[in-house]
$ cat entry.txt   # compact mmCIF, C-alpha atoms
# COMPACT_ATOMS: atom_id res chain seq x y z
CA VAL A 1 55.32 -68.53 9.41
CA TRP A 2 55.24 -70.37 12.73
CA ARG A 3 56.33 -73.57 10.96
CA VAL A 4 59.40 -71.73 9.68
CA VAL A 5 60.13 -70.45 13.17
CA ARG A 6 59.83 -73.96 14.64
CA VAL A 7 62.12 -75.39 11.94
CA LEU A 8 64.72 -72.75 12.67
CA GLN A 9 64.48 -73.50 16.37
CA GLN A 10 64.92 -77.23 15.73
CA ARG A 11 67.78 -76.75 13.23
CA SER A 12 69.89 -74.20 15.01
CA ASP A 13 72.88 -76.35 14.03
CA LEU A 14 72.60 -75.31 10.39
CA PRO A 15 75.92 -73.92 9.16
CA PHE A 16 74.58 -70.53 7.98
CA LEU A 17 73.04 -69.96 11.40
CA GLN A 18 76.22 -70.96 13.22
CA GLN A 19 78.39 -68.81 10.94
CA SER A 20 76.14 -65.74 11.32
CA ALA A 21 76.18 -63.51 14.32
CA ILE A 22 72.44 -63.87 14.70
CA ASN A 23 71.15 -64.53 18.17
CA LEU A 24 68.56 -67.05 17.10
CA PRO A 25 66.22 -66.83 20.10
CA VAL A 26 66.15 -63.04 19.94
CA PHE A 27 65.76 -63.10 16.17
CA LEU A 28 62.92 -65.57 16.30
CA SER A 29 61.22 -63.62 19.07
CA ALA A 30 61.45 -60.41 17.01
CA VAL A 31 60.17 -62.15 13.89
CA GLY A 32 57.28 -63.64 15.82
CA THR A 33 56.38 -60.29 17.36
CA ALA A 34 56.49 -58.57 13.95
CA VAL A 35 54.38 -61.28 12.38
CA ILE A 36 51.84 -61.11 15.18
CA GLY A 37 51.68 -57.30 14.85
CA ALA A 38 51.23 -57.49 11.10
CA LEU A 39 48.53 -60.11 11.40
CA ALA A 40 46.76 -58.07 14.08
CA PHE A 41 46.90 -54.97 11.84
CA ILE A 42 45.52 -56.93 8.90
CA ALA A 43 42.79 -58.44 11.06
CA ILE A 44 41.71 -55.00 12.35
CA HIS A 45 41.54 -53.57 8.84
CA LEU A 46 39.70 -56.60 7.53
CA GLU A 47 37.16 -56.18 10.34
CA ARG A 48 36.76 -52.51 9.50
CA LEU A 49 36.32 -53.29 5.83
CA GLN A 50 33.75 -55.91 6.72
CA ASP A 51 31.86 -53.42 8.91
CA THR A 52 31.99 -50.83 6.12
CA ALA A 53 30.68 -53.36 3.61
CA ILE A 54 27.88 -54.41 5.94
CA ALA A 55 26.93 -50.76 6.59
CA ALA A 56 26.96 -50.00 2.84
CA ALA A 57 24.79 -53.03 2.15
CA ALA A 58 22.36 -51.91 4.88
CA ARG A 59 22.21 -48.39 3.42
CA ALA A 60 21.61 -49.78 -0.04
CA ALA A 61 18.84 -52.02 1.30
CA ARG A 62 17.19 -49.07 3.09
CA ALA A 63 17.45 -46.91 -0.02
CA GLU A 64 15.89 -49.66 -2.11
CA ALA A 65 13.09 -50.07 0.40
CA GLU A 66 12.50 -46.31 0.44
CA ARG A 67 12.40 -46.23 -3.37
CA ASP A 68 9.91 -49.07 -3.38
CA ALA A 69 7.78 -47.30 -0.74
CA THR A 70 7.97 -44.02 -2.64
CA GLY A 71 6.99 -45.75 -5.84
CA ARG A 72 4.02 -47.43 -4.19
CA ALA A 73 2.95 -44.15 -2.59
CA TYR A 74 3.25 -42.36 -5.94
CA GLU A 75 1.13 -44.96 -7.70
CA GLU A 76 -1.47 -44.83 -4.93
CA THR A 77 -1.56 -41.05 -5.12
CA LYS A 78 -2.05 -41.20 -8.90
CA ARG A 79 -4.88 -43.68 -8.45
CA LEU A 80 -6.62 -41.52 -5.84
CA LEU A 81 -6.23 -38.39 -7.98
CA ALA A 82 -7.69 -40.21 -10.97
CA GLU A 83 -10.65 -41.37 -8.89
CA ARG A 84 -11.22 -37.82 -7.59
CA THR A 85 -11.01 -36.36 -11.09
CA ASP A 86 -13.53 -38.88 -12.39
CA PHE A 87 -15.86 -38.10 -9.49
CA ILE A 88 -15.59 -34.34 -10.05
CA ASP A 89 -16.26 -34.78 -13.77
CA LEU A 90 -19.33 -36.84 -12.99
CA LEU A 91 -20.52 -34.33 -10.42
CA ALA A 92 -19.96 -31.43 -12.81
CA HIS A 93 -21.95 -33.23 -15.49
CA GLU A 94 -24.82 -33.88 -13.08
CA ILE A 95 -24.82 -30.22 -12.04
CA ARG A 96 -24.48 -28.77 -15.52
CA GLN A 97 -27.15 -30.93 -17.09
CA PRO A 98 -30.14 -29.21 -15.44
CA LEU A 99 -28.49 -25.82 -16.04
CA ASN A 100 -28.11 -26.67 -19.72
CA ASN A 101 -31.75 -27.73 -19.79
CA ALA A 102 -32.74 -24.45 -18.14
CA SER A 103 -30.70 -22.48 -20.68
CA ALA A 104 -32.39 -24.33 -23.52
CA ALA A 105 -35.83 -23.53 -22.08
CA LEU A 106 -34.90 -19.86 -21.59
CA GLU A 107 -33.62 -19.63 -25.16
CA ALA A 108 -36.94 -21.01 -26.39
CA ALA A 109 -38.85 -18.48 -24.27
CA LEU A 110 -36.56 -15.70 -25.53
CA GLU A 111 -37.21 -16.65 -29.13
CA ALA A 112 -40.96 -16.64 -28.49
CA SER A 113 -40.90 -13.18 -26.88
CA ARG A 114 -38.86 -11.84 -29.78
CA THR A 115 -41.31 -13.30 -32.26
CA LEU A 116 -44.18 -11.59 -30.41
CA ASN A 117 -42.12 -8.37 -30.21
CA ARG A 118 -42.54 -8.22 -26.46
CA ARG A 119 -39.49 -6.14 -25.71
CA LYS A 120 -39.84 -5.95 -21.94
CA ALA A 121 -40.34 -9.72 -21.71
CA THR A 122 -37.39 -10.22 -24.04
CA ALA A 123 -35.20 -8.16 -21.70
CA ARG A 124 -36.32 -10.28 -18.72
CA HIS A 125 -35.59 -13.50 -20.57
CA LEU A 126 -32.17 -12.19 -21.57
CA ILE A 127 -31.38 -11.41 -17.92
CA ALA A 128 -32.48 -14.89 -16.86
CA LEU A 129 -30.42 -16.44 -19.65
CA GLY A 130 -27.43 -14.34 -18.57
CA ASP A 131 -27.83 -15.67 -15.04
CA SER A 132 -27.88 -19.21 -16.40
CA TYR A 133 -24.73 -18.64 -18.44
CA THR A 134 -23.05 -17.12 -15.38
CA ASP A 135 -23.85 -20.27 -13.39
CA LEU A 136 -22.37 -22.35 -16.21
CA GLY A 137 -19.21 -20.24 -16.18
CA GLU A 138 -19.80 -18.98 -19.73
CA ILE A 139 -19.07 -15.37 -18.80
CA ASN A 140 -18.78 -13.91 -22.29
CA HIS A 141 -22.21 -15.26 -23.24
CA ALA A 142 -23.60 -13.93 -19.98
CA ILE A 143 -22.21 -10.44 -20.60
CA ASP A 144 -23.68 -10.42 -24.10
CA CYS A 145 -27.13 -11.33 -22.73
CA TYR A 146 -26.97 -8.67 -20.00
CA GLU A 147 -25.88 -5.98 -22.46
CA GLN A 148 -28.76 -6.79 -24.80
CA ALA A 149 -31.16 -6.77 -21.84
CA LEU A 150 -29.82 -3.41 -20.65
CA SER A 151 -30.34 -1.89 -24.08
CA LEU A 152 -33.91 -3.18 -24.29
CA ALA A 153 -34.76 -2.18 -20.71
CA SER A 154 -33.44 1.34 -21.32
CA SER A 155 -35.46 1.69 -24.52
CA THR A 156 -38.66 0.60 -22.75
CA ARG A 157 -37.87 2.68 -19.65
CA ASP A 158 -37.93 -0.46 -17.53
CA ARG A 159 -35.91 0.82 -14.56
CA ARG A 160 -36.17 -2.43 -12.66
CA GLY A 161 -34.93 -4.30 -15.73
CA GLU A 162 -32.05 -1.83 -16.07
CA ALA A 163 -31.05 -2.40 -12.45
CA ASP A 164 -31.15 -6.18 -12.79
CA ALA A 165 -29.15 -6.05 -16.04
CA ARG A 166 -26.49 -3.83 -14.46
CA SER A 167 -26.36 -6.11 -11.44
CA GLY A 168 -25.81 -9.08 -13.75
CA LEU A 169 -23.07 -7.24 -15.62
CA GLY A 170 -21.38 -6.40 -12.34
CA GLN A 171 -21.45 -10.04 -11.25
CA ALA A 172 -20.15 -11.30 -14.61
CA HIS A 173 -17.29 -8.79 -14.69
CA TYR A 174 -16.41 -9.65 -11.10
CA LEU A 175 -16.11 -13.33 -12.03
CA ALA A 176 -14.01 -12.32 -15.05
CA GLY A 177 -11.65 -10.44 -12.72
CA ALA A 178 -12.59 -6.98 -13.99
CA LEU A 179 -13.32 -5.56 -10.54
CA ASP A 180 -13.43 -1.90 -11.61
CA PHE A 181 -16.16 -2.65 -14.14
CA ALA A 182 -17.98 -4.75 -11.56
CA ARG A 183 -17.85 -1.90 -9.06
CA ARG A 184 -19.20 0.57 -11.61
CA TYR A 185 -22.15 -1.62 -12.63
CA HIS A 186 -23.07 -2.45 -9.03
CA SER A 187 -22.96 1.26 -8.11
CA GLU A 188 -25.28 2.04 -11.03
CA ALA A 189 -27.63 -0.72 -9.93
CA LEU A 190 -27.67 0.74 -6.41
CA ASP A 191 -28.49 4.23 -7.75
CA LEU A 192 -31.38 2.83 -9.77
CA ALA A 193 -32.62 0.93 -6.72
CA TYR A 194 -32.71 4.20 -4.74
CA GLN A 195 -34.57 5.93 -7.57
CA ILE A 196 -37.32 3.31 -7.90
CA GLY A 197 -37.43 2.50 -4.18
CA ASP A 198 -36.82 -1.23 -4.72
CA HIS A 199 -35.33 -2.50 -1.48
CA ARG A 200 -34.68 -5.97 -2.86
CA VAL A 201 -32.50 -4.61 -5.66
CA GLU A 202 -30.93 -2.22 -3.13
CA ALA A 203 -29.98 -5.06 -0.76
CA VAL A 204 -28.51 -7.11 -3.61
CA ALA A 205 -26.49 -4.13 -4.86
CA LEU A 206 -25.17 -3.35 -1.37
CA GLY A 207 -24.02 -6.94 -0.92
CA ASN A 208 -22.41 -7.03 -4.37
CA LEU A 209 -20.56 -3.79 -3.68
CA GLY A 210 -19.35 -5.21 -0.38
CA VAL A 211 -17.97 -8.29 -2.13
CA THR A 212 -16.33 -6.21 -4.86
CA HIS A 213 -14.64 -3.79 -2.44
CA PHE A 214 -13.47 -6.73 -0.35
CA GLY A 215 -11.98 -8.27 -3.48
CA GLN A 216 -10.08 -5.04 -4.06
CA GLY A 217 -8.70 -5.13 -0.52
CA GLU A 218 -10.90 -2.28 0.78
CA VAL A 219 -12.07 -4.09 3.88
CA ARG A 220 -13.52 -1.14 5.79
CA THR A 221 -15.58 0.02 2.82
CA ALA A 222 -16.74 -3.55 2.25
CA SER A 223 -17.79 -3.83 5.91
CA SER A 224 -19.80 -0.62 5.60
CA PHE A 225 -21.76 -1.98 2.63
CA PHE A 226 -22.36 -5.30 4.41
CA GLU A 227 -23.65 -3.49 7.50
CA GLN A 228 -26.04 -1.44 5.35
CA GLN A 229 -27.24 -4.61 3.65
CA LEU A 230 -27.78 -6.33 7.00
CA LYS A 231 -29.73 -3.38 8.37
CA LEU A 232 -31.93 -3.25 5.27
CA ALA A 233 -32.50 -7.02 5.32
CA ARG A 234 -33.75 -6.79 8.92
CA GLU A 235 -36.23 -4.12 7.89
CA LEU A 236 -37.66 -6.11 4.98
$ encode --input "entry.txt" --output "structure tokens"
Amino acid sequence: VWRVVRVLQQRSDLPFLQQSAINLPVFLSAVGTAVIGALAFIAIHLERLQDTAIAAAARAARAEAERDATGRAYEETKRLLAERTDFIDLLAHEIRQPLNNASAALEAALEASRTLNRRKATARHLIALGDSYTDLGEINHAIDCYEQALSLASSTRDRRGEADARSGLGQAHYLAGALDFARRYHSEALDLAYQIGDHRVEAVALGNLGVTHFGQGEVRTASSFFEQQLKLAREL
């Protein structure tokens, strides 16, 4: 553009310039100013576009870095969770193994007592086996053992056995989420404990009733049972 302007300045003698009414200096000055303004406008917008492109590239780079970091964190979390799961499985196996062994021994003792027709001993072994199943989380098996023990203890008038069987049933139903049944069995165990004067069974029943009432949201009643249990435990 400036070359054209210089040529026009140098060749002001050209016929079309002389014949026109154009004031060449003014015209050239106006053209130069317009050109400079246009170039300045283009330069500003090019700079803005460049800044926008740089900012977009920076955002894209940050997003990519965040995705990479998130991916690495996710993979690390998965690895840690897998390690924890494996550890818990191993721990559960180590804990369950002796319980399984105990259950097997109790089942053998139960079979022997049944063979000898020792009904009171059979009831005791059933209660112990129910406790073992409860520890293993096999609640249905535990309830079955306690119910059989309760039937045998009632038929042999073994009040202590009845109380222990009802206590076991209360605990099993509590773990199964049947809190009303749990409350009923623990109350029956407490009544039997009063009747036979067994303070150990009484203390256990009081504590179980406290836990059951607490689970039902009856905090004051639960506190009353716990206080009674604590008082009795101090006297034993």
$ atom_distance --input "entry.txt" --atom1 "atom CA of Leu175 of chain A" --atom2 "atom CA of Ile139 of chain A"
7.7 Å
$ residues_around --input "entry.txt" --residues "Ala203 of chain A" --least-positions-apart "2" --cutoff "7 Å" --atoms "all atoms listed in the file" --output "ChimeraX atom specification"
/A:199-201,205-207,229,232-233
$ residues_around --input "entry.txt" --residues "segment 164-169 of chain A" --least-positions-apart "2" --cutoff "10 Å" --atoms "all atoms listed in the file" --output "PyMOL selection string"
chain A and resi 123-124+126-128+130-131+134+139+142-153+159-162+171-175+181-190+192-193+201+204-205+208-209
$ atom_distance --input "entry.txt" --atom1 "atom CA of Val211 of chain A" --atom2 "atom CA of Asp191 of chain A"
17.3 Å
$ atom_distance --input "entry.txt" --atom1 "atom CA of Ala112 of chain A" --atom2 "atom CA of His125 of chain A"
10.1 Å
$ closest_residue --input "entry.txt" --among "A:Thr122, A:Ser224, A:Ala163, A:Thr77" --to "Gly197 of chain A" --atoms "all atoms listed in the file"
A:Ala163
$ closest_residue --input "entry.txt" --among "A:Gly177, A:Gly215, A:Leu129, A:Ile196" --to "Glu111 of chain A" --atoms "all atoms listed in the file"
A:Leu129
$ axis_aligned_box --input "entry.txt" --around "segment 103-115 of chain A" --padding-each-side "8 Å" --output "JSON"
{"center_x": -36.0, "center_y": -18.1, "center_z": -26.5, "size_x": 26.6, "size_y": 28.5, "size_z": 27.6}
$ closest_residue --input "entry.txt" --among "A:Thr156, A:Thr52, A:Gly210, A:Ala176" --to "Gly137 of chain A" --atoms "only C-alpha atoms"
A:Ala176
